[in-house]
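One file, protein_30.csv, is given below (CSV, N, CA and C atoms).
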```csv
chain,number,residue,atom,x,y,z
A,1,MET,N,0.8,-1.2,0.0
A,1,MET,CA,0.0,0.0,0.0
A,1,MET,C,0.9,1.2,0.0
A,2,ALA,N,0.6,2.2,-0.9
A,2,ALA,CA,1.4,3.4,-1.1
A,2,ALA,C,1.0,4.4,-0.1
A,3,LYS,N,1.9,5.2,0.3
A,3,LYS,CA,1.6,6.3,1.3
A,3,LYS,C,0.9,7.5,0.5
A,4,ALA,N,0.0,8.1,1.1
A,4,ALA,CA,-0.6,9.3,0.5
A,4,ALA,C,0.4,10.4,0.5
A,5,SER,N,0.4,11.2,-0.6
A,5,SER,CA,1.3,12.3,-0.7
A,5,SER,C,0.8,13.4,0.1
A,6,LYS,N,1.6,13.8,1.0
A,6,LYS,CA,1.2,14.9,1.9
A,6,LYS,C,2.2,16.1,1.7
A,7,GLU,N,1.6,17.3,1.9
A,7,GLU,CA,2.4,18.5,1.7
A,7,GLU,C,2.5,19.2,3.0
A,8,THR,N,3.6,19.8,3.4
A,8,THR,CA,3.8,20.5,4.6
A,8,THR,C,3.4,22.0,4.3
A,9,THR,N,2.5,22.5,5.1
A,9,THR,CA,2.1,23.9,5.0
A,9,THR,C,2.5,24.6,6.3
A,10,PHE,N,2.5,25.9,6.2
A,10,PHE,CA,2.9,26.8,7.3
A,10,PHE,C,1.7,27.7,7.6
A,11,LEU,N,1.4,27.7,8.9
A,11,LEU,CA,0.4,28.6,9.4
A,11,LEU,C,1.1,29.8,10.1
A,12,VAL,N,1.1,31.0,9.5
A,12,VAL,CA,1.8,32.1,9.9
A,12,VAL,C,0.9,33.1,10.7
A,13,SER,N,1.5,33.6,11.8
A,13,SER,CA,0.7,34.5,12.7
A,13,SER,C,0.3,35.8,12.0
A,14,SER,N,-0.9,36.2,12.1
A,14,SER,CA,-1.3,37.5,11.5
A,14,SER,C,-0.9,38.7,12.4
A,15,ALA,N,-0.4,38.4,13.6
A,15,ALA,CA,0.0,39.5,14.5
A,15,ALA,C,1.4,40.1,14.0
A,16,GLY,N,2.0,39.4,13.1
A,16,GLY,CA,3.3,39.9,12.6
A,16,GLY,C,4.5,39.6,13.5
A,17,THR,N,4.4,38.6,14.3
A,17,THR,CA,5.5,38.3,15.2
A,17,THR,C,6.5,37.3,14.5
A,18,GLY,N,6.1,36.7,13.4
A,18,GLY,CA,7.0,35.8,12.8
A,18,GLY,C,6.9,34.3,13.3
A,19,PHE,N,6.0,34.1,14.2
A,19,PHE,CA,5.8,32.8,14.8
A,19,PHE,C,4.9,32.0,13.8
A,20,PHE,N,5.2,30.7,13.6
A,20,PHE,CA,4.4,29.9,12.7
A,20,PHE,C,4.3,28.4,13.3
A,21,TYR,N,3.2,27.8,12.8
A,21,TYR,CA,3.0,26.4,13.1
A,21,TYR,C,3.1,25.6,11.8
A,22,THR,N,3.5,24.4,11.8
A,22,THR,CA,3.5,23.5,10.6
A,22,THR,C,2.3,22.6,10.6
A,23,ASN,N,1.9,22.3,9.4
A,23,ASN,CA,0.7,21.4,9.3
A,23,ASN,C,0.9,20.6,8.0
A,24,ARG,N,0.4,19.3,8.0
A,24,ARG,CA,0.6,18.5,6.9
A,24,ARG,C,-0.8,18.2,6.3
A,25,LYS,N,-0.9,18.5,5.0
A,25,LYS,CA,-2.2,18.3,4.3
A,25,LYS,C,-2.0,17.2,3.3
A,26,ASN,N,-3.1,16.4,3.1
A,26,ASN,CA,-3.2,15.4,2.0
A,26,ASN,C,-3.6,16.1,0.7
A,27,LYS,N,-2.7,16.1,-0.2
A,27,LYS,CA,-2.9,16.8,-1.5
A,27,LYS,C,-4.1,16.3,-2.3
A,28,LYS,N,-4.2,14.9,-2.3
A,28,LYS,CA,-5.3,14.3,-3.1
A,28,LYS,C,-6.7,14.6,-2.5
A,29,LYS,N,-6.9,14.6,-1.2
A,29,LYS,CA,-8.2,14.8,-0.6
A,29,LYS,C,-8.6,16.2,-0.7
A,30,LEU,N,-7.7,17.1,-0.5
A,30,LEU,CA,-8.0,18.5,-0.3
A,30,LEU,C,-7.6,19.3,-1.6
A,31,LYS,N,-7.8,18.7,-2.7
A,31,LYS,CA,-7.4,19.4,-4.0
A,31,LYS,C,-8.3,20.5,-4.3
A,32,GLY,N,-7.8,21.7,-4.5
A,32,GLY,CA,-8.6,22.9,-4.8
A,32,GLY,C,-9.3,23.5,-3.5
A,33,ASP,N,-8.9,23.0,-2.4
A,33,ASP,CA,-9.5,23.5,-1.1
A,33,ASP,C,-8.9,24.9,-0.8
A,34,LYS,N,-9.7,25.7,0.0
A,34,LYS,CA,-9.3,27.0,0.4
A,34,LYS,C,-8.1,26.9,1.4
A,35,LYS,N,-7.4,28.0,1.5
A,35,LYS,CA,-6.3,28.1,2.4
A,35,LYS,C,-6.9,28.1,3.9
A,36,ALA,N,-6.1,27.4,4.7
A,36,ALA,CA,-6.6,27.2,6.1
A,36,ALA,C,-6.3,28.5,6.9
A,37,SER,N,-7.2,28.8,7.8
A,37,SER,CA,-7.0,29.9,8.8
A,37,SER,C,-7.6,29.4,10.1
A,38,LEU,N,-6.8,29.4,11.1
A,38,LEU,CA,-7.2,29.0,12.5
A,38,LEU,C,-6.8,30.0,13.5
A,39,LYS,N,-7.5,30.0,14.6
A,39,LYS,CA,-7.2,30.9,15.7
A,39,LYS,C,-6.4,30.0,16.7
A,40,LYS,N,-5.1,30.3,16.9
A,40,LYS,CA,-4.3,29.6,17.8
A,40,LYS,C,-3.5,30.5,18.7
A,41,TYR,N,-2.8,30.0,19.6
A,41,TYR,CA,-2.0,30.8,20.6
A,41,TYR,C,-0.7,31.2,20.0
A,42,ASP,N,-0.3,32.5,20.1
A,42,ASP,CA,1.0,33.0,19.7
A,42,ASP,C,1.7,33.3,20.9
A,43,PRO,N,2.8,32.6,21.2
A,43,PRO,CA,3.6,32.8,22.5
A,43,PRO,C,4.3,34.1,22.5
A,44,ILE,N,4.6,34.7,21.3
A,44,ILE,CA,5.3,36.0,21.3
A,44,ILE,C,4.4,37.1,21.6
A,45,ALA,N,3.2,37.0,21.1
A,45,ALA,CA,2.2,38.1,21.3
A,45,ALA,C,1.4,37.8,22.6
A,46,ARG,N,1.6,36.5,23.1
A,46,ARG,CA,0.9,36.1,24.4
A,46,ARG,C,-0.6,36.2,24.3
A,47,LYS,N,-1.2,35.8,23.2
A,47,LYS,CA,-2.6,35.8,23.1
A,47,LYS,C,-3.0,34.9,21.8
A,48,LYS,N,-4.3,34.6,21.7
A,48,LYS,CA,-4.8,33.9,20.6
A,48,LYS,C,-5.0,34.8,19.4
A,49,VAL,N,-4.4,34.5,18.3
A,49,VAL,CA,-4.5,35.3,17.1
A,49,VAL,C,-4.8,34.4,15.9
A,50,LEU,N,-5.2,35.0,14.8
A,50,LEU,CA,-5.5,34.2,13.6
A,50,LEU,C,-4.2,33.8,12.9
A,51,PHE,N,-4.1,32.5,12.6
A,51,PHE,CA,-3.0,32.0,11.8
A,51,PHE,C,-3.5,31.6,10.4
A,52,GLU,N,-2.8,32.1,9.4
A,52,GLU,CA,-3.2,31.9,8.0
A,52,GLU,C,-2.2,31.1,7.3
A,53,GLU,N,-2.6,30.2,6.4
A,53,GLU,CA,-1.7,29.4,5.6
A,53,GLU,C,-1.0,30.3,4.6
A,54,LYS,N,0.4,30.3,4.6
A,54,LYS,CA,1.2,31.1,3.7
A,54,LYS,C,2.5,30.4,3.4
A,55,LYS,N,3.2,30.9,2.5
A,55,LYS,CA,4.5,30.4,2.2
A,55,LYS,C,5.5,31.2,3.1
A,56,LEU,N,6.5,30.6,3.6
A,56,LEU,CA,7.5,31.3,4.4
A,56,LEU,C,8.5,32.0,3.5
A,57,SER,N,8.9,33.2,3.9
A,57,SER,CA,9.9,33.9,3.1
A,57,SER,C,11.2,33.3,3.4
A,58,PRO,N,12.1,33.3,2.4
A,58,PRO,CA,13.4,32.6,2.6
A,58,PRO,C,14.2,33.3,3.7
A,59,LEU,N,14.9,32.5,4.5
A,59,LEU,CA,15.7,33.1,5.6
A,59,LEU,C,16.9,33.8,5.1
A,60,LYS,N,17.3,34.9,5.8
A,60,LYS,CA,18.5,35.6,5.4
A,60,LYS,C,19.7,34.8,6.1
A,61,LYS,N,20.8,34.8,5.3
A,61,LYS,CA,22.0,34.1,5.9
A,61,LYS,C,22.7,35.0,6.9
A,62,LYS,N,22.9,34.4,8.1
A,62,LYS,CA,23.6,35.2,9.1
A,62,LYS,C,25.1,35.1,9.0
A,63,TYR,N,25.6,34.1,8.3
A,63,TYR,CA,27.0,33.9,8.2
A,63,TYR,C,27.3,33.3,6.8
A,64,VAL,N,28.5,33.4,6.4
A,64,VAL,CA,29.0,32.8,5.1
A,64,VAL,C,29.9,31.6,5.5
A,65,SER,N,29.6,30.5,4.8
A,65,SER,CA,30.4,29.3,5.2
A,65,SER,C,31.5,29.1,4.2
A,66,GLY,N,32.5,28.3,4.6
A,66,GLY,CA,33.6,27.9,3.7
A,66,GLY,C,34.7,28.8,3.7
A,67,ALA,N,35.4,28.9,2.6
A,67,ALA,CA,36.6,29.7,2.4
A,67,ALA,C,36.3,31.2,2.5
A,68,GLU,N,35.1,31.6,2.1
A,68,GLU,CA,34.7,33.0,2.2
A,68,GLU,C,34.7,33.5,3.6
A,69,ASP,N,34.2,32.6,4.5
A,69,ASP,CA,34.1,32.9,5.9
A,69,ASP,C,35.5,33.2,6.5
A,70,ALA,N,36.5,32.3,6.2
A,70,ALA,CA,37.8,32.5,6.7
A,70,ALA,C,38.5,33.8,6.2
A,71,ALA,N,38.2,34.1,4.9
A,71,ALA,CA,38.8,35.3,4.3
A,71,ALA,C,38.2,36.6,5.0
A,72,LYS,N,36.9,36.5,5.3
A,72,LYS,CA,36.3,37.7,5.9
A,72,LYS,C,36.7,37.9,7.4
A,73,ALA,N,36.8,36.7,8.0
A,73,ALA,CA,37.1,36.8,9.5
A,73,ALA,C,38.6,37.2,9.8
A,74,ALA,N,39.5,36.8,8.9
A,74,ALA,CA,40.9,37.1,9.1
A,74,ALA,C,41.2,38.6,8.7
A,75,PRO,N,41.8,39.4,9.7
A,75,PRO,CA,42.1,40.7,9.3
A,75,PRO,C,43.3,40.8,8.3
A,76,LYS,N,43.2,41.7,7.4
A,76,LYS,CA,44.3,41.9,6.4
A,76,LYS,C,45.5,42.4,7.1
A,77,ALA,N,46.7,41.7,6.9
A,77,ALA,CA,47.9,42.1,7.5
A,77,ALA,C,48.5,43.2,6.6
A,78,GLU,N,48.9,44.3,7.3
A,78,GLU,CA,49.5,45.5,6.6
A,78,GLU,C,51.0,45.4,6.9
A,79,PRO,N,51.8,45.7,5.9
A,79,PRO,CA,53.3,45.7,6.1
A,79,PRO,C,53.6,46.8,7.1
A,80,LYS,N,54.6,46.4,8.0
A,80,LYS,CA,55.0,47.4,9.0
A,80,LYS,C,55.9,48.5,8.3
A,81,LYS,N,55.6,49.7,8.7
A,81,LYS,CA,56.4,50.8,8.2
A,81,LYS,C,57.6,51.0,9.1
A,82,VAL,N,58.8,51.0,8.4
A,82,VAL,CA,60.0,51.2,9.2
A,82,VAL,C,60.5,52.6,8.9
A,83,PRO,N,60.9,53.4,10.0
A,83,PRO,CA,61.3,54.7,9.9
A,83,PRO,C,62.6,54.8,9.0
A,84,ALA,N,62.7,55.9,8.3
A,84,ALA,CA,63.8,56.1,7.4
A,84,ALA,C,65.2,56.1,8.1
A,85,ALA,N,65.2,56.6,9.3
A,85,ALA,CA,66.5,56.6,10.1
A,85,ALA,C,66.9,55.2,10.5
A,86,ALA,N,66.1,54.3,10.6
A,86,ALA,CA,66.4,52.9,11.0
A,86,ALA,C,67.0,52.2,9.8
A,87,LYS,N,66.7,52.6,8.6
A,87,LYS,CA,67.2,51.9,7.4
A,87,LYS,C,68.6,52.2,7.2
A,88,ALA,N,69.1,53.3,7.5
A,88,ALA,CA,70.5,53.7,7.2
A,88,ALA,C,71.5,53.2,8.1
```

Structure re-expressed in structure tokens:
Amino acid sequence: MAKASKETTFLVSSAGTGFFYTNRKNKKKLKGDKKASLKKYDPIARKKVLFEEKKLSPLKKKYVSGAEDAAKAAPKAEPKKVPAAAKA
């Protein structure tokens, strides 16, 4: 018996706090169905607010990985300046 294809959806807070719940929907049963909206608890706003089904915006990268990270983290070494009197 094959598994039903399910899709992960995100319920995003309408309070604008950025908090979200995840939900799994059966694509075959709910084909053409309206987007879900539920009243649930938002711990950041500390009250019940409307959560609507939306796509999450891509997360911004907080750091760069790999060789670029090492290059940015290491300070550029400047050559030491020697006074003209010390050269002679």

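The space between atom C of Lys48 (chain A) and atom N of Ala36 (chain A) spans 16.5 Å.
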
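Using all atoms listed in the file for every distance, the candidate list A:Ala2, A:Ser37, A:Glu52, A:Pro43 yields A:Glu52 as the residue closest to Ser14 (chain A).
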
Problem - Coordinates-based distance that separates CA of Leu50 (chain A) from CA of Glu7 (chain A) (Å, one decimal) - result: 21.2 Å

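If you look at atom N of Asp42 (chain A) and CA of Lys29 (chain A), they are 28.4 Å away from each other.
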
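Within the 8 Å cut-off around Asn26 (chain A), using only N, CA and C atoms and omitting residues fewer than 6 positions from it on the same chain, the listed residues are A:Ala4, A:Ser5, A:Lys6, A:Glu7, A:Thr8.
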
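When all atoms listed in the file are used to measure the gap to Thr9 (chain A), the shortest distance among A:Arg46, A:Lys54, A:Lys28, A:Lys34 belongs to A:Lys54.
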
Practice task
Determine, counting only C-alpha atoms, which protein, DNA and RNA residues have an atom within 10 Å of an atom of Leu38 (chain A); residues of the same chain fewer than 3 positions away are not included. Present the result as an MDAnalysis selection string.
Solution key: chainID A and resid 11:13 41 48:53

Exercise for the section: Would you please give, as a list in words, all residues of region 11-67 of chain A that DSSP assigns to strand (DSSP E) based on the backbone? Expected result: Leu11, Val12, Ser13, Phe20, Tyr21, Thr22, Asn23, Arg24, Lys25, Asn26, Ser37, Leu38, Lys39, Lys40, Tyr41, Asp42, Lys47, Lys48, Val49, Leu50, Phe51, Glu52, Glu53 and Lys54 of chain A

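Nearest-residue note for Lys27 (chain A): choosing from A:Ile44, A:Lys81, A:Lys3, A:Lys55, the minimum distance belongs to A:Lys3, counting only C-alpha atoms.
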
Handout entry: Nearest residue to Lys35 (chain A) from the set A:Asn23, A:Ala15, A:Val82, A:Ser57 (distances using only C-alpha atoms)
Key = A:Asn23
